[in-house]
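Structure data (mmCIF, C-alpha atoms) from run32.cif:
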data_input
#
loop_
_atom_site.label_atom_id
_atom_site.label_comp_id
_atom_site.auth_asym_id
_atom_site.auth_seq_id
_atom_site.Cartn_x
_atom_site.Cartn_y
_atom_site.Cartn_z
CA MET A 21 28.18 23.83 11.67
CA ASP A 22 28.68 26.78 9.27
CA PHE A 23 26.64 26.89 6.08
CA HIS A 24 29.52 26.15 3.71
CA THR A 25 30.53 23.06 5.72
CA LEU A 26 26.91 21.94 5.82
CA GLN A 27 26.63 22.23 2.05
CA VAL A 28 29.75 20.10 1.64
CA ARG A 29 28.53 17.55 4.22
CA ILE A 30 25.26 17.10 2.33
CA ALA A 31 27.27 16.32 -0.81
CA PHE A 32 29.27 13.76 1.23
CA LEU A 33 26.24 11.71 2.37
CA SER A 34 27.04 8.01 2.01
CA THR A 35 24.88 5.44 3.80
CA LEU A 36 21.83 7.71 3.47
CA ARG A 37 22.94 9.12 0.12
CA SER A 38 19.62 8.59 -1.65
CA LEU A 39 18.09 11.26 0.63
CA SER A 40 20.10 13.92 -1.21
CA ASP A 41 17.79 13.37 -4.21
CA LYS A 42 14.60 13.85 -2.19
CA PRO A 43 12.69 17.12 -2.78
CA LEU A 44 13.13 18.36 0.81
CA LEU A 45 16.91 18.06 0.93
CA GLN A 46 17.19 19.34 -2.64
CA ALA A 47 15.30 22.47 -1.57
CA TYR A 48 17.69 23.05 1.36
CA ARG A 49 20.71 22.46 -0.89
CA LYS A 50 19.55 25.05 -3.41
CA VAL A 51 19.23 27.67 -0.66
CA LEU A 52 22.74 26.92 0.65
CA HIS A 53 24.16 27.03 -2.87
CA ALA A 54 22.41 30.35 -3.54
CA TYR A 55 24.71 32.12 -1.07
CA SER A 56 27.48 31.82 -3.67
CA GLU A 57 25.20 33.31 -6.36
CA ASN A 58 23.10 36.46 -5.91
CA ILE A 59 20.12 37.76 -3.98
CA PHE A 60 17.70 36.83 -6.74
CA THR A 61 18.85 33.21 -6.82
CA PHE A 62 18.60 33.09 -3.03
CA GLY A 63 15.09 34.56 -3.07
CA GLU A 64 13.86 31.98 -5.57
CA ALA A 65 15.46 29.08 -3.68
CA TYR A 66 14.23 30.29 -0.29
CA GLY A 67 10.69 30.81 -1.58
CA ALA A 68 10.66 27.30 -3.05
CA LEU A 69 11.84 25.85 0.27
CA CYS A 70 9.11 27.67 2.17
CA ASP A 71 6.49 26.50 -0.32
CA HIS A 72 7.62 22.89 0.08
CA ILE A 73 7.53 23.05 3.89
CA TYR A 74 4.16 24.80 3.98
CA ARG A 75 2.63 22.16 1.69
CA THR A 76 4.15 19.06 3.28
CA GLY A 77 4.31 20.02 6.96
CA ASP A 78 7.08 19.53 9.49
CA PRO A 79 10.40 18.86 7.70
CA GLY A 80 11.51 16.60 10.55
CA HIS A 81 8.56 14.28 9.94
CA GLU A 82 9.24 14.23 6.20
CA MET A 83 12.93 13.52 6.79
CA LEU A 84 12.11 10.67 9.17
CA GLN A 85 9.75 9.11 6.64
CA SER A 86 12.42 9.36 3.92
CA ILE A 87 14.95 7.65 6.18
CA GLN A 88 12.53 4.86 7.11
CA CYS A 89 11.50 4.28 3.49
CA ASP A 90 15.12 4.05 2.37
CA CYS A 91 16.95 0.88 1.39
CA ASN A 92 20.69 1.25 1.92
CA ALA A 93 23.88 -0.49 2.99
CA LEU A 94 22.65 -0.55 6.60
CA THR A 95 19.27 -2.15 5.86
CA ASP A 96 20.97 -4.69 3.57
CA THR A 97 23.24 -5.83 6.42
CA LEU A 98 20.90 -5.25 9.34
CA ASP A 99 21.53 -8.65 10.94
CA LYS A 100 25.22 -7.88 11.28
CA PRO A 101 26.03 -4.33 10.08
CA ASN A 102 29.55 -3.37 9.11
CA PRO A 103 31.12 -0.98 11.68
CA ALA A 104 32.17 1.31 8.82
CA VAL A 105 28.56 1.52 7.64
CA LEU A 106 27.36 2.32 11.16
CA ASP A 107 29.99 5.05 11.48
CA ALA A 108 29.04 6.51 8.09
CA ALA A 109 25.36 6.48 9.11
CA THR A 110 26.24 8.40 12.30
CA ARG A 111 28.00 11.09 10.24
CA ASP A 112 25.07 11.28 7.84
CA LEU A 113 22.67 11.74 10.73
CA GLU A 114 24.81 14.58 12.11
CA THR A 115 24.42 16.33 8.75
CA LEU A 116 20.68 15.77 8.51
CA ARG A 117 20.11 16.90 12.08
CA ALA A 118 22.03 20.11 11.31
CA VAL A 119 19.77 20.72 8.32
CA LEU A 120 16.63 20.23 10.40
CA ALA A 121 17.99 22.62 13.05
CA LEU A 122 17.76 25.48 10.54
CA CYS A 123 14.77 27.78 10.68
CA GLY A 124 13.82 30.44 8.18
CA HIS A 125 15.20 33.19 10.41
CA ASP A 126 18.67 31.54 10.35
CA LEU A 127 18.73 31.44 6.56
CA ILE A 128 17.54 35.05 6.24
CA ASP A 129 20.19 36.27 8.73
CA GLN A 130 22.89 34.57 6.67
CA ALA A 131 21.48 36.24 3.56
CA ARG A 132 21.76 39.67 5.23
CA GLN A 133 25.45 39.04 5.82
CA THR A 134 26.08 37.59 2.36
CA PHE A 135 24.11 40.24 0.46
CA PRO A 136 24.57 43.51 2.46
CA ASP A 137 23.26 45.58 -0.46
CA ALA A 138 19.90 43.82 -0.42
CA GLY A 139 18.45 46.55 1.77
CA ASN A 140 14.92 45.94 2.96
CA ALA A 141 14.22 43.25 0.35
CA LEU A 142 14.82 40.45 2.86
CA ASP A 143 12.33 41.88 5.35
CA CYS A 144 9.39 40.57 3.36
CA LEU A 145 10.54 36.93 3.36
CA PRO A 146 8.39 34.51 5.40
CA ASP A 147 9.71 32.36 8.24
CA PHE A 148 9.38 28.67 9.08
CA PRO A 149 10.25 26.75 12.28
CA ARG A 150 12.97 24.21 12.85
CA GLY A 151 12.13 20.62 12.03
CA LYS A 152 11.31 18.08 14.70
CA GLU A 153 14.39 16.20 15.88
CA LEU A 154 15.01 12.69 14.59
CA PRO A 155 14.50 9.86 17.15
CA PHE A 156 18.08 8.60 16.63
CA THR A 157 21.52 10.18 16.59
CA SER A 158 23.85 7.28 15.74
CA GLY A 159 24.14 4.43 13.27
CA ASP A 160 23.49 1.91 16.04
CA GLN A 161 20.29 3.68 17.06
CA LEU A 162 19.17 3.89 13.43
CA ALA A 163 19.77 0.16 12.97
CA GLU A 164 17.63 -0.55 16.03
CA TYR A 165 14.92 1.75 14.68
CA TYR A 166 14.91 -0.18 11.40
CA ARG A 167 14.64 -3.49 13.27
CA ASN A 168 11.69 -2.27 15.36
CA ASN A 169 9.77 -0.27 12.77
CA GLY A 170 10.69 -1.73 9.38
CA TYR A 171 12.13 0.05 6.37
CA GLY A 172 12.02 0.36 2.61
CA LEU A 173 9.38 1.25 0.04
CA PHE A 174 6.54 -0.55 1.82
CA ALA A 175 7.08 1.39 5.06
CA LYS A 176 5.10 4.28 3.52
CA ALA A 177 1.64 2.77 4.00
CA SER A 178 -0.34 -0.46 4.31
CA PHE A 179 -1.96 -0.41 0.86
CA PHE A 180 -0.30 0.15 -2.52
CA THR A 181 -1.21 0.27 -6.19
CA ALA A 182 0.92 0.38 -9.32
CA GLY A 183 0.90 3.59 -11.35
CA LEU A 184 0.98 3.93 -15.12
CA SER A 185 4.76 4.18 -15.05
CA GLY A 186 5.06 0.90 -13.12
CA GLU A 187 6.02 2.54 -9.83
CA PHE A 188 4.39 1.30 -6.65
CA GLU A 189 2.37 4.08 -5.04
CA ALA A 190 1.04 4.29 -1.50
CA VAL A 191 -2.73 4.54 -1.10
CA LEU A 192 -3.16 7.51 1.22
CA HIS A 193 -6.87 6.99 1.94
CA PRO A 194 -7.63 3.26 1.73
CA ASP A 195 -11.03 1.69 2.35
CA PRO A 196 -11.23 1.53 6.20
CA ILE A 197 -13.45 -1.57 6.24
CA ARG A 198 -12.81 -4.05 9.06
CA LEU A 199 -13.78 -7.68 9.52
CA ALA A 200 -16.47 -6.70 12.04
CA ASP A 201 -18.17 -4.69 9.29
CA LEU A 202 -18.66 -7.82 7.16
CA LYS A 203 -21.77 -9.71 8.16
CA GLY A 204 -22.29 -13.41 7.43
CA TYR A 205 -19.87 -15.73 5.59
CA VAL A 206 -18.19 -16.71 8.87
CA ARG A 207 -16.60 -19.88 7.49
CA GLN A 208 -15.13 -18.07 4.49
CA LYS A 209 -13.70 -15.26 6.61
CA ASP A 210 -12.20 -17.73 9.08
CA GLN A 211 -10.40 -19.53 6.25
CA VAL A 212 -8.85 -16.28 5.01
CA ILE A 213 -7.89 -15.20 8.54
CA THR A 214 -6.31 -18.56 9.39
CA ASN A 215 -4.26 -18.59 6.19
CA THR A 216 -3.17 -14.96 6.69
CA LEU A 217 -2.05 -15.58 10.27
CA ALA A 218 0.01 -18.57 9.12
CA PHE A 219 1.60 -16.33 6.51
CA LEU A 220 2.44 -13.64 9.08
CA GLU A 221 3.92 -16.27 11.41
CA ASN A 222 6.17 -17.58 8.61
CA ARG A 223 4.34 -20.89 8.50
CA LEU A 224 3.16 -22.60 5.34
CA ALA A 225 0.34 -20.63 3.73
CA ASN A 226 -1.54 -20.87 0.46
CA ASN A 227 -2.33 -18.53 -2.37
CA ILE A 228 -6.08 -17.95 -2.21
CA LEU A 229 -8.71 -17.71 -4.92
CA LEU A 230 -11.95 -16.19 -3.65
CA TYR A 231 -14.59 -16.83 -6.29
CA GLY A 232 -18.33 -16.59 -6.50
CA ASP A 233 -21.20 -14.22 -7.12
CA LYS A 234 -20.86 -10.45 -7.28
CA GLY A 235 -21.59 -8.41 -4.18
CA THR A 236 -20.83 -11.23 -1.75
CA GLY A 237 -17.82 -9.55 -0.10
CA LYS A 238 -14.83 -11.21 -1.75
CA SER A 239 -12.82 -8.02 -2.28
CA SER A 240 -14.02 -6.50 1.00
CA THR A 241 -12.72 -9.55 2.88
CA VAL A 242 -9.21 -9.08 1.51
CA LYS A 243 -9.20 -5.34 2.28
CA ALA A 244 -10.58 -5.97 5.78
CA VAL A 245 -7.83 -8.50 6.48
CA GLY A 246 -5.27 -5.92 5.34
CA ASN A 247 -6.65 -3.38 7.81
CA GLU A 248 -6.95 -5.95 10.60
CA PHE A 249 -3.30 -7.02 10.49
CA ALA A 250 -1.61 -3.82 9.30
CA ASP A 251 -0.04 -3.40 12.73
CA ARG A 252 1.69 -6.77 12.26
CA GLY A 253 3.49 -5.66 9.12
CA LEU A 254 0.98 -6.87 6.53
CA LYS A 255 0.95 -4.94 3.26
CA ILE A 256 -1.50 -5.18 0.35
CA VAL A 257 -0.29 -4.42 -3.19
CA GLU A 258 -3.14 -4.33 -5.71
CA LEU A 259 -2.31 -5.16 -9.31
CA ALA A 260 -4.63 -5.18 -12.31
CA PRO A 261 -4.46 -8.18 -14.68
CA GLN A 262 -2.66 -6.06 -17.28
CA GLN A 263 0.03 -5.26 -14.69
CA ILE A 264 1.10 -8.87 -14.21
CA SER A 265 4.39 -8.02 -15.93
CA LEU A 266 5.32 -6.08 -12.76
CA PHE A 267 5.65 -9.27 -10.73
CA PRO A 268 9.47 -9.53 -11.12
CA LYS A 269 9.87 -5.91 -10.02
CA LEU A 270 7.55 -6.45 -7.08
CA CYS A 271 9.43 -9.56 -6.03
CA ALA A 272 12.75 -7.69 -6.18
CA GLU A 273 11.35 -4.96 -3.90
CA ALA A 274 9.79 -7.51 -1.56
CA ALA A 275 13.01 -9.51 -1.27
CA ARG A 276 14.64 -6.48 0.43
CA SER A 277 11.61 -5.81 2.62
CA PRO A 278 10.92 -7.04 6.17
CA TYR A 279 7.16 -6.93 5.61
CA HIS A 280 4.68 -9.62 4.55
CA ILE A 281 3.04 -8.68 1.26
CA ILE A 282 -0.24 -9.86 -0.22
CA VAL A 283 -0.50 -9.29 -3.97
CA PHE A 284 -4.19 -8.58 -4.48
CA MET A 285 -5.77 -9.10 -7.90
CA ASP A 286 -9.43 -8.15 -7.97
CA ASP A 287 -11.94 -9.49 -10.49
CA LEU A 288 -9.32 -11.67 -12.18
CA SER A 289 -10.35 -13.35 -15.42
CA PHE A 290 -9.05 -14.06 -18.90
CA ASP A 291 -10.92 -14.35 -22.18
CA ARG A 292 -8.25 -16.70 -23.49
CA GLU A 293 -4.76 -17.92 -22.70
CA ASP A 294 -2.27 -15.11 -23.30
CA ASN A 295 1.09 -13.84 -22.06
CA ASN A 296 -0.44 -12.51 -18.82
CA PHE A 297 -2.07 -15.88 -18.23
CA ALA A 298 1.27 -17.69 -18.61
CA THR A 299 3.14 -15.11 -16.51
CA LEU A 300 0.67 -15.45 -13.66
CA LYS A 301 0.93 -19.25 -13.73
CA ALA A 302 4.72 -19.02 -13.55
CA PHE A 303 4.55 -16.49 -10.73
CA ILE A 304 2.34 -18.71 -8.60
CA GLU A 305 4.21 -21.92 -9.29
CA GLY A 306 6.49 -23.27 -11.96
CA GLY A 307 8.67 -20.33 -13.01
CA LEU A 308 12.46 -20.28 -12.89
CA ILE A 309 12.40 -17.20 -10.65
CA GLY A 310 10.46 -18.05 -7.52
CA LYS A 311 8.63 -15.46 -5.46
CA PRO A 312 10.04 -14.53 -2.05
CA ASP A 313 8.66 -16.23 1.05
CA ASN A 314 7.15 -12.93 2.20
CA VAL A 315 4.88 -12.65 -0.87
CA ILE A 316 1.55 -14.40 -1.40
CA LEU A 317 -1.31 -13.97 -3.87
CA TYR A 318 -4.98 -13.37 -3.07
CA ALA A 319 -7.26 -13.10 -6.11
CA THR A 320 -11.01 -12.66 -6.52
CA SER A 321 -13.04 -13.76 -9.52
CA ASN A 322 -16.57 -14.48 -10.62
CA ARG A 323 -15.23 -17.47 -12.58
CA ARG A 324 -14.11 -20.68 -10.95
CA HIS A 325 -11.47 -21.42 -13.62
CA LEU A 326 -10.58 -17.77 -14.40
CA VAL A 327 -10.77 -18.41 -18.16
CA ARG A 328 -13.93 -18.02 -20.20
CA GLU A 329 -15.06 -21.35 -21.66
CA ASN A 330 -17.02 -21.71 -24.90
CA PHE A 331 -18.94 -24.72 -26.16
CA SER A 332 -16.56 -24.75 -29.14
CA ASP A 333 -13.68 -25.47 -26.75
CA ARG A 334 -15.21 -28.84 -26.02
CA GLN A 335 -15.51 -29.89 -29.65
CA GLY A 336 -13.03 -32.22 -31.27
CA ASP A 337 -11.48 -35.54 -30.36
CA ASP A 338 -10.72 -36.68 -26.81
CA ILE A 339 -7.11 -35.44 -26.86
CA HIS A 340 -8.15 -31.96 -27.97
CA VAL A 341 -10.84 -31.73 -25.30
CA ARG A 342 -8.45 -32.89 -22.59
CA ASP A 343 -5.80 -30.33 -23.60
CA THR A 344 -8.38 -27.55 -23.66
CA LEU A 345 -9.77 -28.39 -20.24
CA GLU A 346 -6.29 -28.70 -18.74
CA THR A 347 -5.44 -25.24 -20.07
CA VAL A 348 -8.61 -23.80 -18.58
CA THR A 349 -7.99 -25.28 -15.13
CA SER A 350 -4.19 -24.95 -15.07
CA LEU A 351 -4.25 -21.51 -13.45
CA SER A 352 -6.97 -21.99 -10.83
CA ASP A 353 -5.38 -25.31 -9.79
CA ARG A 354 -2.28 -23.40 -8.70
CA PHE A 355 -4.19 -21.71 -5.90
CA GLY A 356 -3.79 -23.86 -2.82
CA LEU A 357 -6.99 -22.58 -1.26
CA GLU A 358 -10.26 -21.88 -3.09
CA ILE A 359 -13.03 -20.20 -1.12
CA THR A 360 -16.56 -19.95 -2.51
CA PHE A 361 -18.77 -16.93 -1.88
CA SER A 362 -22.28 -17.84 -2.99
CA VAL A 363 -25.40 -15.71 -3.03
CA PRO A 364 -27.04 -15.98 0.42
CA ASP A 365 -30.39 -17.70 0.79
CA LYS A 366 -33.33 -15.77 2.18
CA ASP A 367 -32.63 -16.51 5.85
CA GLU A 368 -28.95 -15.56 5.61
CA TYR A 369 -29.75 -12.41 3.65
CA LEU A 370 -32.29 -11.28 6.24
CA SER A 371 -29.85 -12.10 9.04
CA ILE A 372 -27.31 -9.78 7.41
CA VAL A 373 -30.00 -7.10 7.13
CA ASP A 374 -30.86 -7.49 10.83
CA GLN A 375 -27.22 -7.15 11.89
CA LEU A 376 -26.66 -4.06 9.76
CA ALA A 377 -29.91 -2.47 10.96
CA GLU A 378 -28.93 -2.98 14.60
CA GLU A 379 -25.43 -1.65 13.97
CA CYS A 380 -26.76 1.48 12.23
CA GLY A 381 -29.53 2.10 14.75
CA LEU A 382 -32.34 1.51 12.26
CA THR A 383 -35.49 0.90 14.27
CA LEU A 384 -38.17 -0.80 12.19
CA PRO A 385 -40.35 -3.75 13.21
CA ALA A 386 -38.67 -6.97 12.07
CA GLN A 387 -41.58 -8.00 9.86
CA GLN A 388 -41.64 -4.64 8.08
CA LEU A 389 -37.85 -4.56 7.79
CA HIS A 390 -37.76 -8.01 6.19
CA LEU A 391 -40.58 -7.20 3.79
CA LEU A 392 -38.90 -4.02 2.61
CA ALA A 393 -35.53 -5.78 2.35
CA GLU A 394 -36.98 -8.51 0.13
CA ARG A 395 -38.69 -5.97 -2.12
CA PHE A 396 -35.45 -4.01 -2.40
CA ALA A 397 -33.54 -7.16 -3.40
CA LEU A 398 -36.11 -7.96 -6.09
CA ARG A 399 -35.74 -4.49 -7.59
CA ARG A 400 -31.96 -4.67 -7.46
CA ASN A 401 -29.71 -7.55 -8.48
CA GLY A 402 -30.96 -10.11 -5.99
CA ARG A 403 -29.85 -10.99 -2.47
CA SER A 404 -26.28 -10.23 -1.46
CA PRO A 405 -24.39 -8.48 1.37
CA ARG A 406 -23.93 -5.51 -0.97
CA THR A 407 -27.67 -5.31 -1.58
CA ALA A 408 -28.30 -5.55 2.17
CA ARG A 409 -25.93 -2.66 2.86
CA GLN A 410 -27.48 -0.56 0.08
CA PHE A 411 -30.94 -1.28 1.49
CA ILE A 412 -29.95 -0.12 4.98
CA SER A 413 -28.36 3.05 3.55
CA TYR A 414 -31.56 3.75 1.62
CA GLN A 415 -33.72 3.28 4.70
CA LEU A 416 -31.53 5.60 6.74
CA THR A 417 -31.92 8.34 4.13
CA GLN A 418 -35.69 7.93 4.27
CA GLN A 419 -35.66 8.68 8.00
CA LEU A 420 -34.04 12.08 7.58
#
Can you turn what I pasted into structure tokens?
Amino acid sequence: MDFHTLQVRIAFLSTLRSLSDKPLLQAYRKVLHAYSENIFTFGEAYGALCDHIYRTGDPGHEMLQSIQCDCNALTDTLDKPNPAVLDAATRDLETLRAVLALCGHDLIDQARQTFPDAGNALDCLPDFPRGKELPFTSGDQLAEYYRNNGYGLFAKASFFTAGLSGEFEAVLHPDPIRLADLKGYVRQKDQVITNTLAFLENRLANNILLYGDKGTGKSSTVKAVGNEFADRGLKIVELAPQQISLFPKLCAEAARSPYHIIVFMDDLSFDREDNNFATLKAFIEGGLIGKPDNVILYATSNRRHLVRENFSDRQGDDIHVRDTLETVTSLSDRFGLEITFSVPDKDEYLSIVDQLAEECGLTLPAQQLHLLAERFALRRNGRSPRTARQFISYQLTQQL
């Protein structure tokens, strides 16, 4: 495919049209367009393309990720795709494969022919290799790839946050904690696992409120579950309480997604009933716009009812008190499953210490280990799995 035809074909992308706005394809397009300009325009465009490839790696890998993370006419009709859409996707793939087949040497050779007066200026330009070939060549093969591997925004990663602009951003280096790393609280973990498996198997599952004392592993349990079942299409999207207004946008994205999504709200609490409080209640249950079946909410909190209560709230006649208490409990009551994480007693705390010590290869006599662990807890914030882990880390540093 000659360069002019390739430039036109990129402009004609249809099913995969959104890829033409991606930085990689934009960089290729600018180089191809520069052949109709001058050597300086070409040099700037070619340098920018090289910079992009050197920073991001193999262009074939980047192109594949862009295709998988796309939502298009094919993904929207994946159960029974239109033959015209499949044909258009095949033509688009021919174009993209031709782009990836270009190496730096090809582009420089074309520049020598287009700008014969450039002299030795082109000799100093760097090279880059061809991109890795895509694993599909036709619309039918692409549709099968989407069915087997998923697609859309949430194909980028397993964990996401919301940026300041309201865009959902992939977490590139999430907490790698696994369920085996969490010691104790077997009953609580089993409840979360059972509910999550039901969710992944499209059975009835509940929104979960994990509440209790700090440092007991509430947040770590949710993150560990996300890591444990990531290979089954589970995604975690963390939202802060002030980002509750993003729920409609999240639901719209999730409705087009084949993945199962847990909305994770950590340390959730309200000082009083406000717009975020009402929005969250409606999101869980009671709003006109229901959440998709592939979305569920897991929240952690140190407060059982999520709203701070004052003694003044309980003053007044019986009707006033009843209304106040119903307001306070109206949100937490919408969680179908409430799991309590309490501070461990002495025996459970020391059991956690023993398990962590064995796992980390800390060799101290049990009596000495327990004595030091108790002293450490007294100096810190009391017994908790977090305190136990901090104690073990401290002891390991003392052995160096």
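Across A:Leu52, A:Leu224, A:Ala118, A:Ile59, the tightest approach to Asn140 (chain A) is made by A:Ile59 when counting only C-alpha atoms.
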Any chance you could resolve the PyMOL selection byres ((chain A and resi 45) around 12) against this file and give the residues as a CSV table (one decimal) with C-alpha atoms, keeping the file's coordinate frame?
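After the write, out_24.csv holds the following:
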chain,number,residue,atom,x,y,z
A,26,LEU,CA,26.9,21.9,5.8
A,27,GLN,CA,26.6,22.2,2.0
A,30,ILE,CA,25.3,17.1,2.3
A,31,ALA,CA,27.3,16.3,-0.8
A,33,LEU,CA,26.2,11.7,2.4
A,36,LEU,CA,21.8,7.7,3.5
A,37,ARG,CA,22.9,9.1,0.1
A,38,SER,CA,19.6,8.6,-1.6
A,39,LEU,CA,18.1,11.3,0.6
A,40,SER,CA,20.1,13.9,-1.2
A,41,ASP,CA,17.8,13.4,-4.2
A,42,LYS,CA,14.6,13.8,-2.2
A,43,PRO,CA,12.7,17.1,-2.8
A,44,LEU,CA,13.1,18.4,0.8
A,46,GLN,CA,17.2,19.3,-2.6
A,47,ALA,CA,15.3,22.5,-1.6
A,48,TYR,CA,17.7,23.0,1.4
A,49,ARG,CA,20.7,22.5,-0.9
A,50,LYS,CA,19.6,25.0,-3.4
A,51,VAL,CA,19.2,27.7,-0.7
A,52,LEU,CA,22.7,26.9,0.6
A,68,ALA,CA,10.7,27.3,-3.0
A,69,LEU,CA,11.8,25.8,0.3
A,72,HIS,CA,7.6,22.9,0.1
A,73,ILE,CA,7.5,23.0,3.9
A,79,PRO,CA,10.4,18.9,7.7
A,80,GLY,CA,11.5,16.6,10.6
A,82,GLU,CA,9.2,14.2,6.2
A,83,MET,CA,12.9,13.5,6.8
A,86,SER,CA,12.4,9.4,3.9
A,87,ILE,CA,15.0,7.6,6.2
A,115,THR,CA,24.4,16.3,8.8
A,116,LEU,CA,20.7,15.8,8.5
A,117,ARG,CA,20.1,16.9,12.1
A,118,ALA,CA,22.0,20.1,11.3
A,119,VAL,CA,19.8,20.7,8.3
A,120,LEU,CA,16.6,20.2,10.4
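Remark: for Asp365 (chain A), the closest of the candidate residues A:Phe303, A:Tyr205, A:Phe219, A:Phe267 is A:Tyr205 (distances computed over only C-alpha atoms).
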Using all atoms listed in the file, which of the listed residues (A:Gly246, A:Pro268, A:Gly63, A:Gly402) sits closest to Val212 (chain A)? A:Gly246
Non-local contacts of Ile128 (chain A) (12 Å; all atoms listed in the file; under 6 positions in same chain excluded) as an mmCIF file with C-alpha atoms, in the coordinates of the input:
data_model
loop_
_atom_site.group_PDB
_atom_site.id
_atom_site.type_symbol
_atom_site.label_atom_id
_atom_site.label_comp_id
_atom_site.auth_asym_id
_atom_site.auth_seq_id
_atom_site.Cartn_x
_atom_site.Cartn_y
_atom_site.Cartn_z
ATOM 1 C CA VAL A 51 19.230 27.670 -0.660
ATOM 2 C CA LEU A 52 22.740 26.920 0.650
ATOM 3 C CA ALA A 54 22.410 30.350 -3.540
ATOM 4 C CA TYR A 55 24.710 32.120 -1.070
ATOM 5 C CA ILE A 59 20.120 37.760 -3.980
ATOM 6 C CA PHE A 62 18.600 33.090 -3.030
ATOM 7 C CA GLY A 63 15.090 34.560 -3.070
ATOM 8 C CA ALA A 65 15.460 29.080 -3.680
ATOM 9 C CA TYR A 66 14.230 30.290 -0.290
ATOM 10 C CA GLY A 67 10.690 30.810 -1.580
ATOM 11 C CA CYS A 70 9.110 27.670 2.170
ATOM 12 C CA LEU A 122 17.760 25.480 10.540
ATOM 13 C CA THR A 134 26.080 37.590 2.360
ATOM 14 C CA PHE A 135 24.110 40.240 0.460
ATOM 15 C CA PRO A 136 24.570 43.510 2.460
ATOM 16 C CA ALA A 138 19.900 43.820 -0.420
ATOM 17 C CA ASN A 140 14.920 45.940 2.960
ATOM 18 C CA ALA A 141 14.220 43.250 0.350
ATOM 19 C CA LEU A 142 14.820 40.450 2.860
ATOM 20 C CA ASP A 143 12.330 41.880 5.350
ATOM 21 C CA CYS A 144 9.390 40.570 3.360
ATOM 22 C CA LEU A 145 10.540 36.930 3.360
ATOM 23 C CA PRO A 146 8.390 34.510 5.400
ATOM 24 C CA ASP A 147 9.710 32.360 8.240
ATOM 25 C CA PHE A 148 9.380 28.670 9.080
#
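The nearest approach to Met21 (chain A) among the residues A:Ala121, A:Leu370, A:Ala250, A:Leu154, with only C-alpha atoms taken into account, belongs to A:Ala121.
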Computed interatomic separation between CA of Phe156 (chain A) and CA of Arg252 (chain A) (Å): 22.9 Å
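Across the structure, CA of Cys91 (chain A) and CA of Gly172 (chain A) are spaced 5.1 Å apart.
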Let me know the centre plus edge lengths, in Å and rounded to one decimal, of a box with edges along x, y and z that contains all listed atoms of region 114-128 of chain A and is padded by 8 Å on every side, as JSON.
{"center_x": 19.3, "center_y": 24.8, "center_z": 9.6, "size_x": 27.0, "size_y": 36.5, "size_z": 22.8}
